[in-house]
$ cat upload_38.cif   # mmCIF, C-alpha atoms and all ligand atoms
data_work
loop_
_atom_site.label_atom_id
_atom_site.label_comp_id
_atom_site.auth_asym_id
_atom_site.auth_seq_id
_atom_site.Cartn_x
_atom_site.Cartn_y
_atom_site.Cartn_z
CA MET Z 14 -132.42 -28.75 93.05
CA ARG Z 15 -132.92 -25.17 94.22
CA ILE Z 16 -133.28 -24.49 97.92
CA LEU Z 17 -133.83 -21.41 100.07
CA ILE Z 18 -132.05 -20.98 103.39
CA ALA Z 19 -133.61 -18.34 105.63
CA GLU Z 20 -131.49 -17.72 108.69
CA ASP Z 21 -130.69 -14.45 110.45
CA GLU Z 22 -127.52 -15.63 112.13
CA PRO Z 23 -124.75 -14.84 109.58
CA ALA Z 24 -122.18 -17.43 110.63
CA PHE Z 25 -124.74 -20.24 110.75
CA ARG Z 26 -126.24 -19.12 107.44
CA GLN Z 27 -122.86 -19.22 105.74
CA ILE Z 28 -122.06 -22.67 107.07
CA LEU Z 29 -125.40 -24.02 105.91
CA GLU Z 30 -124.96 -22.42 102.52
CA LYS Z 31 -121.56 -23.99 102.10
CA ILE Z 32 -122.71 -27.43 103.19
CA LEU Z 33 -125.80 -27.47 100.99
CA THR Z 34 -123.84 -26.20 98.01
CA GLY Z 35 -121.42 -29.06 98.66
CA TRP Z 36 -124.35 -31.47 98.57
CA GLY Z 37 -125.24 -30.21 95.11
CA TYR Z 38 -128.08 -27.83 95.92
CA GLU Z 39 -128.47 -24.52 94.16
CA VAL Z 40 -128.73 -22.30 97.21
CA ARG Z 41 -130.46 -18.96 97.72
CA VAL Z 42 -130.21 -17.24 101.05
CA ALA Z 43 -132.45 -14.83 102.94
CA GLU Z 44 -131.19 -12.86 105.93
CA ASP Z 45 -134.58 -12.31 107.49
CA GLY Z 46 -138.19 -13.46 107.33
CA SER Z 47 -139.44 -10.73 105.03
CA ALA Z 48 -136.80 -11.49 102.42
CA ALA Z 49 -137.62 -15.21 102.66
CA TYR Z 50 -141.31 -14.55 102.22
CA ARG Z 51 -140.64 -12.29 99.22
CA ILE Z 52 -138.63 -15.00 97.51
CA LEU Z 53 -141.05 -17.84 98.31
CA SER Z 54 -144.17 -15.93 97.31
CA GLY Z 55 -142.54 -14.51 94.17
CA GLU Z 56 -142.08 -15.82 90.64
CA ASP Z 57 -140.72 -19.34 90.25
CA PRO Z 58 -139.58 -19.87 93.85
CA PRO Z 59 -137.41 -22.79 95.00
CA ARG Z 60 -139.47 -25.83 95.98
CA LEU Z 61 -137.42 -26.61 99.03
CA ALA Z 62 -136.87 -24.25 101.97
CA ILE Z 63 -135.13 -24.36 105.31
CA LEU Z 64 -136.63 -21.69 107.52
CA ASP Z 65 -135.30 -20.51 110.81
CA TRP Z 66 -138.12 -20.02 113.31
CA LYS Z 67 -136.88 -16.88 115.06
CA MET Z 68 -136.01 -14.20 112.53
CA PRO Z 69 -136.56 -10.45 112.28
CA GLY Z 70 -139.39 -9.46 109.95
CA LEU Z 71 -141.44 -12.62 109.74
CA GLU Z 72 -140.96 -15.71 111.81
CA GLY Z 73 -140.58 -19.07 110.05
CA VAL Z 74 -143.94 -20.37 111.29
CA GLU Z 75 -145.70 -17.25 110.06
CA ILE Z 76 -144.12 -17.68 106.62
CA CYS Z 77 -145.40 -21.28 106.55
CA ARG Z 78 -148.88 -20.18 107.52
CA ARG Z 79 -149.05 -17.43 104.89
CA LEU Z 80 -147.65 -19.53 102.05
CA ARG Z 81 -150.00 -22.43 102.72
CA GLU Z 82 -152.92 -20.05 102.77
CA GLU Z 83 -151.95 -17.92 99.78
CA LYS Z 84 -150.32 -20.41 97.46
CA PRO Z 85 -151.89 -23.80 98.17
CA GLU Z 86 -151.40 -24.81 94.53
CA HIS Z 87 -147.64 -24.38 94.67
CA TYR Z 88 -146.07 -27.26 96.53
CA LEU Z 89 -143.16 -26.17 98.68
CA TYR Z 90 -141.37 -28.49 101.07
CA ILE Z 91 -140.52 -26.59 104.24
CA ILE Z 92 -138.19 -27.67 107.01
CA LEU Z 93 -138.34 -25.49 110.11
CA LEU Z 94 -135.07 -25.09 111.95
CA THR Z 95 -135.21 -23.92 115.48
CA SER Z 96 -133.84 -24.08 118.92
CA GLN Z 97 -137.36 -24.26 120.34
CA GLN Z 98 -137.69 -27.75 121.58
CA ARG Z 99 -140.97 -28.01 123.39
CA GLU Z 100 -143.55 -30.40 122.03
CA GLU Z 101 -146.08 -27.53 121.63
CA ASP Z 102 -143.60 -25.73 119.38
CA LEU Z 103 -143.26 -28.74 117.14
CA VAL Z 104 -147.03 -29.08 116.94
CA GLN Z 105 -147.47 -25.39 116.25
CA GLY Z 106 -144.81 -25.44 113.53
CA MET Z 107 -146.24 -28.45 111.74
CA GLU Z 108 -149.78 -27.14 112.06
CA ALA Z 109 -148.67 -23.89 110.47
CA GLY Z 110 -147.74 -25.96 107.41
CA ALA Z 111 -144.14 -27.05 107.89
CA ASP Z 112 -143.38 -30.48 106.42
CA ASP Z 113 -140.56 -31.22 108.78
CA TYR Z 114 -138.82 -29.86 111.81
CA LEU Z 115 -135.23 -29.91 113.04
CA ILE Z 116 -134.02 -28.76 116.41
CA LYS Z 117 -130.72 -26.89 116.68
CA PRO Z 118 -128.08 -28.11 117.16
CA PHE Z 119 -128.76 -30.92 114.74
CA LYS Z 120 -126.65 -33.54 113.03
CA LEU Z 121 -125.69 -32.86 109.43
CA ASN Z 122 -126.50 -36.39 108.37
CA GLU Z 123 -129.97 -35.95 109.71
CA LEU Z 124 -130.48 -32.78 107.69
CA ARG Z 125 -129.12 -34.52 104.61
CA VAL Z 126 -131.54 -37.46 104.74
CA ARG Z 127 -134.50 -35.30 105.68
CA LEU Z 128 -133.80 -33.13 102.64
CA ARG Z 129 -133.67 -36.25 100.54
CA ALA Z 130 -137.08 -37.31 101.84
CA GLY Z 131 -138.36 -33.85 100.95
CA ARG Z 132 -136.98 -34.16 97.43
CA ARG Z 133 -138.78 -37.45 96.96
CA ILE Z 134 -142.07 -35.80 97.81
CA ILE Z 135 -141.36 -32.83 95.55
CA GLU Z 136 -140.51 -35.15 92.67
CA LEU Z 137 -143.65 -37.22 93.22
CA ASN Z 138 -145.67 -34.05 93.31
CA GLU Z 139 -144.15 -32.91 90.03
CA GLU Z 140 -144.93 -36.24 88.38
CA LEU Z 141 -148.48 -35.94 89.61
CA LEU Z 142 -148.81 -32.43 88.20
CA ALA Z 143 -147.40 -33.54 84.85
CA ALA Z 144 -149.80 -36.49 84.73
CA ARG Z 145 -152.70 -34.22 85.58
CA ALA Z 146 -151.73 -31.81 82.82
CA ILE Z 147 -151.67 -34.67 80.30
CA LEU Z 148 -155.07 -35.93 81.46
CA GLN Z 149 -156.44 -32.42 81.30
CA GLU Z 150 -155.13 -31.99 77.76
CA LYS Z 151 -156.61 -35.33 76.69
CA ALA Z 152 -159.97 -34.50 78.22
CA THR Z 153 -160.24 -31.14 76.50
CA HIS Z 154 -158.44 -31.46 73.17
CA ASP Z 155 -158.81 -33.36 69.96
CA PRO Z 156 -155.77 -35.62 69.53
CA LEU Z 157 -155.67 -35.36 65.74
CA THR Z 158 -155.64 -31.58 65.31
CA GLY Z 159 -154.71 -30.45 68.82
CA LEU Z 160 -157.71 -28.11 68.77
CA ARG Z 161 -160.25 -27.98 71.58
CA ASN Z 162 -162.68 -30.86 71.43
CA ARG Z 163 -166.42 -30.49 71.05
CA GLU Z 164 -167.20 -30.21 74.79
CA GLU Z 165 -164.47 -27.65 75.26
CA ILE Z 166 -165.49 -25.36 72.40
CA LEU Z 167 -169.12 -25.60 73.50
CA ASP Z 168 -167.94 -24.62 76.94
CA ALA Z 169 -166.13 -21.60 75.47
CA LEU Z 170 -169.35 -20.70 73.66
CA ASP Z 171 -171.41 -20.94 76.85
CA LYS Z 172 -168.92 -18.72 78.66
CA GLU Z 173 -168.96 -16.15 75.88
CA PHE Z 174 -172.74 -16.23 75.87
CA ALA Z 175 -172.79 -15.62 79.62
CA ARG Z 176 -170.19 -12.85 79.35
CA VAL Z 177 -172.18 -10.96 76.73
CA GLY Z 178 -175.35 -11.44 78.79
CA ARG Z 179 -173.59 -9.85 81.75
CA ASP Z 180 -171.33 -7.20 80.20
CA GLY Z 181 -173.09 -6.52 76.91
CA GLY Z 182 -171.34 -6.44 73.56
CA CYS Z 183 -171.56 -9.12 70.95
CA PHE Z 184 -169.77 -12.06 69.44
CA THR Z 185 -170.03 -14.30 66.42
CA ILE Z 186 -169.77 -18.01 65.84
CA ILE Z 187 -168.81 -19.74 62.63
CA MET Z 188 -169.51 -23.32 61.70
CA ALA Z 189 -166.94 -24.40 59.10
CA ASP Z 190 -167.23 -27.67 57.19
CA LEU Z 191 -164.72 -28.95 54.64
CA ASP Z 192 -166.24 -29.47 51.21
CA HIS Z 193 -166.54 -32.95 49.71
CA PHE Z 194 -164.18 -34.28 52.33
CA LYS Z 195 -165.41 -37.79 51.78
CA GLU Z 196 -163.90 -37.56 48.30
CA VAL Z 197 -160.54 -36.60 49.78
CA ASN Z 198 -160.60 -39.78 51.84
CA ASP Z 199 -161.82 -41.83 48.90
CA SER Z 200 -159.18 -40.49 46.50
CA TYR Z 201 -156.14 -40.12 48.74
CA GLY Z 202 -156.84 -42.36 51.70
CA HIS Z 203 -157.84 -41.77 55.27
CA LEU Z 204 -154.33 -40.84 56.41
CA ALA Z 205 -154.05 -38.06 53.85
CA GLY Z 206 -157.51 -36.98 55.01
CA ASP Z 207 -156.13 -36.77 58.52
CA GLU Z 208 -153.28 -34.61 57.30
CA VAL Z 209 -155.74 -32.30 55.58
CA LEU Z 210 -157.63 -31.94 58.87
CA ARG Z 211 -154.41 -31.05 60.67
CA ILE Z 212 -153.32 -28.54 58.04
CA SER Z 213 -156.79 -26.99 58.00
CA ALA Z 214 -156.60 -26.54 61.77
CA GLN Z 215 -153.19 -24.86 61.46
CA ARG Z 216 -154.37 -22.52 58.74
CA MET Z 217 -157.38 -21.51 60.79
CA LEU Z 218 -155.26 -20.86 63.86
CA ARG Z 219 -152.93 -18.64 61.88
CA LEU Z 220 -155.82 -16.49 60.70
CA MET Z 221 -157.41 -16.07 64.13
CA ARG Z 222 -156.82 -13.47 66.82
CA PRO Z 223 -155.35 -14.71 70.11
CA TYR Z 224 -158.66 -14.48 71.98
CA ASP Z 225 -160.70 -16.27 69.34
CA ALA Z 226 -161.44 -19.93 70.01
CA VAL Z 227 -161.76 -22.83 67.59
CA GLY Z 228 -162.64 -26.43 68.24
CA ARG Z 229 -163.19 -29.61 66.30
CA TYR Z 230 -166.94 -29.88 66.47
CA GLY Z 231 -167.24 -33.09 64.49
CA GLY Z 232 -165.36 -35.08 61.84
CA GLU Z 233 -164.48 -32.32 59.36
CA GLU Z 234 -166.48 -29.62 61.03
CA PHE Z 235 -165.03 -26.80 63.11
CA LEU Z 236 -166.73 -24.33 65.41
CA LEU Z 237 -165.21 -20.88 65.95
CA VAL Z 238 -166.15 -18.39 68.64
CA LEU Z 239 -165.12 -14.79 67.97
CA PRO Z 240 -165.55 -12.40 70.89
CA GLU Z 241 -166.17 -8.72 70.10
CA CYS Z 242 -166.58 -9.37 66.41
CA CYS Z 243 -169.96 -8.95 64.74
CA GLY Z 244 -171.52 -7.68 61.57
CA GLY Z 245 -168.90 -6.52 59.10
CA CYS Z 246 -166.04 -7.86 61.20
CA ALA Z 247 -167.55 -11.34 61.27
CA ARG Z 248 -168.32 -11.42 57.60
CA ALA Z 249 -164.84 -10.20 56.70
CA PHE Z 250 -163.24 -12.73 59.00
CA ALA Z 251 -165.27 -15.63 57.61
CA GLU Z 252 -164.32 -14.58 54.11
CA ARG Z 253 -160.63 -14.43 55.09
CA LEU Z 254 -160.96 -17.88 56.58
CA ARG Z 255 -162.57 -19.25 53.45
CA ALA Z 256 -159.95 -17.69 51.17
CA GLY Z 257 -157.09 -18.62 53.51
CA LEU Z 258 -158.02 -22.29 53.58
CA ALA Z 259 -158.44 -22.60 49.84
CA GLU Z 260 -155.53 -20.31 48.96
CA ARG Z 261 -153.07 -23.00 47.97
CA PRO Z 262 -153.17 -26.81 47.86
CA MET Z 263 -152.32 -28.65 51.05
CA ASP Z 264 -149.10 -30.63 50.97
CA THR Z 265 -149.68 -34.15 52.23
CA SER Z 266 -147.72 -37.38 51.94
CA GLU Z 267 -150.09 -38.34 49.09
CA GLY Z 268 -149.35 -35.13 47.20
CA ALA Z 269 -150.92 -31.68 47.06
CA ILE Z 270 -154.65 -31.66 47.75
CA ASP Z 271 -157.02 -28.83 46.94
CA VAL Z 272 -159.41 -28.15 49.77
CA THR Z 273 -162.27 -25.70 50.17
CA VAL Z 274 -164.53 -24.93 53.07
CA SER Z 275 -168.10 -23.72 53.53
CA LEU Z 276 -168.95 -21.44 56.42
CA GLY Z 277 -172.13 -20.60 58.30
CA VAL Z 278 -172.01 -17.44 60.37
CA ALA Z 279 -174.31 -16.45 63.25
CA ALA Z 280 -174.02 -13.32 65.41
CA SER Z 281 -174.91 -13.47 69.09
CA GLY Z 282 -177.80 -11.07 68.61
CA ALA Z 283 -179.45 -13.57 66.27
CA ALA Z 284 -180.30 -15.96 69.07
CA ALA Z 285 -180.45 -13.64 72.04
CA GLY Z 286 -182.92 -14.80 74.59
CA ARG Z 287 -184.71 -18.04 74.92
CA GLU Z 288 -182.75 -20.44 72.76
CA GLY Z 289 -179.38 -19.46 74.15
CA ALA Z 290 -176.11 -20.83 72.85
CA ARG Z 291 -177.76 -23.88 71.27
CA GLY Z 292 -180.02 -21.61 69.24
CA LEU Z 293 -176.94 -19.87 67.92
CA ILE Z 294 -175.46 -23.19 66.82
CA LYS Z 295 -178.67 -23.95 65.00
CA ALA Z 296 -178.49 -20.57 63.23
CA ALA Z 297 -174.87 -21.23 62.19
CA ASP Z 298 -175.80 -24.76 61.05
CA ASP Z 299 -178.66 -23.43 58.94
CA ALA Z 300 -176.32 -20.87 57.37
CA LEU Z 301 -173.80 -23.62 56.68
CA TYR Z 302 -176.50 -25.69 55.02
CA ARG Z 303 -177.28 -22.73 52.75
CA ALA Z 304 -173.58 -22.33 51.94
CA LYS Z 305 -173.47 -25.97 50.85
CA ALA Z 306 -176.72 -25.67 48.89
CA ASN Z 307 -175.50 -22.51 47.16
CA GLY Z 308 -172.43 -24.19 45.75
CA ARG Z 309 -169.90 -24.62 48.63
CA ASN Z 310 -166.61 -22.73 49.11
CA ARG Z 311 -168.66 -19.80 50.37
CA VAL Z 312 -169.88 -17.88 53.39
CA GLU Z 313 -173.53 -17.51 54.40
CA LEU Z 314 -175.06 -15.62 57.31
P1 LIG X 401 -169.98 -31.80 52.17
O1 LIG X 401 -169.30 -30.89 51.22
O2 LIG X 401 -171.45 -31.88 51.96
O3 LIG X 401 -169.66 -31.48 53.59
O4 LIG X 401 -169.42 -33.26 51.86
P2 LIG X 401 -168.47 -34.14 52.73
O5 LIG X 401 -167.98 -35.25 51.92
O6 LIG X 401 -167.42 -33.27 53.34
O7 LIG X 401 -169.42 -34.57 53.91
P3 LIG X 401 -169.79 -35.96 54.50
O8 LIG X 401 -170.46 -35.64 55.81
O9 LIG X 401 -170.51 -36.79 53.52
O10 LIG X 401 -168.41 -36.65 54.79
C1 LIG X 401 -167.57 -36.30 55.83
C2 LIG X 401 -166.42 -37.23 55.81
O11 LIG X 401 -165.45 -36.90 56.79
C3 LIG X 401 -166.82 -38.66 56.07
C4 LIG X 401 -165.86 -39.14 57.12
O12 LIG X 401 -165.31 -40.37 56.82
C5 LIG X 401 -164.79 -38.09 57.11
N1 LIG X 401 -164.13 -37.97 58.39
C6 LIG X 401 -164.67 -37.70 59.60
N2 LIG X 401 -163.73 -37.69 60.56
C7 LIG X 401 -162.55 -37.99 59.94
C8 LIG X 401 -161.20 -38.13 60.40
O13 LIG X 401 -160.88 -37.98 61.58
N3 LIG X 401 -160.25 -38.43 59.49
C9 LIG X 401 -160.56 -38.59 58.18
N4 LIG X 401 -159.59 -38.88 57.34
N5 LIG X 401 -161.81 -38.46 57.72
C10 LIG X 401 -162.80 -38.16 58.58
MG MG X 402 -132.90 -16.91 114.22
MG MG X 403 -167.96 -31.71 54.68
MG MG X 404 -171.92 -33.44 55.02
MG MG X 405 -169.63 -32.47 57.88
#

$ encode --input "upload_38.cif" --output "structure tokens" --more "lines below"
Ligand code: GH3
Ligand code: MG
Ligand code: MG
Ligand code: MG
Ligand code: MG
Amino acid sequence: MRILIAEDEPAFRQILEKILTGWGYEVRVAEDGSAAYRILSGEDPPRLAILDWKMPGLEGVEICRRLREEKPEHYLYIILLTSQQREEDLVQGMEAGADDYLIKPFKLNELRVRLRAGRRIIELNEELLAARAILQEKATHDPLTGLRNREEILDALDKEFARVGRDGGCFTIIMADLDHFKEVNDSYGHLAGDEVLRISAQRMLRLMRPYDAVGRYGGEEFLLVLPECCGGCARAFAERLRAGLAERPMDTSEGAIDVTVSLGVAASGAAAGREGARGLIKAADDALYRAKANGRNRVEL
């Protein structure tokens, strides 16, 4: 585990560095408070720090205070090292955000076990963050395709709607529905149908720009939100999407399957005002219905 030692006294700093390296830590050192603060507030800082209290530049307590205020999301375990030994100092140091406190001179064994306690907390914190990321992913994404789920793409649409209302400009949404998908399931089985959904999602993603959003709106229905793309741009994109999906058969475990898609396009201007984002969905849905009625594998506005 990486650790920062901030200590202005060279001899003591070198001893600490040597000892901690011997204990298996990957050690970085800072010779004064400003250097320590730069490292800890920078990119990918160590998660464990031993800070001397009295240092030129910034004092250890001040570093604690600033980091807790500025980077509350980044968990850093801080041990303050100091020769201050009054109770008020301890209280002040911990209140500034230190996790632990050691008074010089201290016993090496004590430092060793206190660091171990710190590591336990850091590891627990990391597990918690990982679990939260998984929950977050599950709550916002469709497990089959990995695309945003319905709530999440509707959320993206609401945000885009609000952005355009505030900053002006335009955007387009596309409702895309696979054609005769029930037949794919009936002929090749539900698992092959699943594979087709996954491949369709991948093909769509490849055709989109990085700031476009796509989500699985329903079973075999996808909603796309395209910022700063209207009129000719939107039509051309929808056409590329249609052609790109149908371009070549999709390779599944049940063989190659030909798939086409119908698309309904609606530009933000179409539903400006009272109906809001839901009105736009209705417009795209109506266009999709026309695309189906007019023979499928086509784009309607
Ligand atoms: P249309 O061209 O009019 O859209 O015809 P369609 O057959 O695609 O439309 P319909 O709404 O009749 O059928 C959609 C099918 O999609 C029915 C449903 O079983 C299937 N489906 C929905 N979700 C999934 C899924 O997650 N996996 C698979 N394999 N099939 C799904
Ligand atoms: Mg000092
Ligand atoms: Mg369909
Ligand atoms: Mg249908
Ligand atoms: Mg459908």

$ residues_around --input "upload_38.cif" --residues "stretch 240-247 of chain Z" --least-positions-apart "2" --cutoff "7 Å" --atoms "only C-alpha atoms" --output "list in words"
Gly182, Cys183, Phe184, Thr185, Asp225, Val238, Ala249, Phe250, Ala251 and Ala280 of chain Z

$ atom_distance --input "upload_38.cif" --atom1 "atom CA of Z:Leu276" --atom2 "atom CA of Z:Val312"
4.8 Å

$ closest_residue --input "upload_38.cif" --among "Z:Arg253, Z:Lys195, Z:Arg219, Z:Arg303" --to "ligand MG 403 (chain X)" --atoms "all atoms listed in the file"
Z:Lys195

$ closest_residue --input "upload_38.cif" --among "Z:Leu124, Z:Asp171, Z:Ser281, Z:Thr273" --to "Z:Leu29" --atoms "only C-alpha atoms"
Z:Leu124

$ residues_near_ligand --input "upload_38.cif" --ligand "ligand MG 403 (chain X)" --cutoff "10 Å" --atoms "only C-alpha atoms and all ligand atoms" --output "ChimeraX atom specification"
/Z:189-196,231-234,273-275,305,309

$ closest_residue --input "upload_38.cif" --among "Z:Glu313, Z:Glu20, Z:Glu267, Z:Glu30" --to "Z:Ser47" --atoms "all atoms listed in the file"
Z:Glu20

$ closest_residue --input "upload_38.cif" --among "Z:Ile186, Z:Val227, Z:Leu93, Z:Ala109" --to "ligand MG 402 (chain X)" --atoms "all atoms listed in the file"
Z:Leu93

$ residues_around --input "upload_38.cif" --residues "Z:Asp45" --least-positions-apart "3" --cutoff "6 Å" --atoms "only C-alpha atoms" --output "list of chain:residue names"
Z:Asp21, Z:Ala48, Z:Met68, Z:Pro69

$ closest_residue --input "upload_38.cif" --among "Z:Ile147, Z:Ala306, Z:Leu258, Z:Ile294" --to "ligand LIG 401 (chain X)" --atoms "only C-alpha atoms and all ligand atoms"
Z:Ala306

$ atom_distance --input "upload_38.cif" --atom1 "atom CA of Z:Leu80" --atom2 "atom CA of Z:Phe119"
25.4 Å
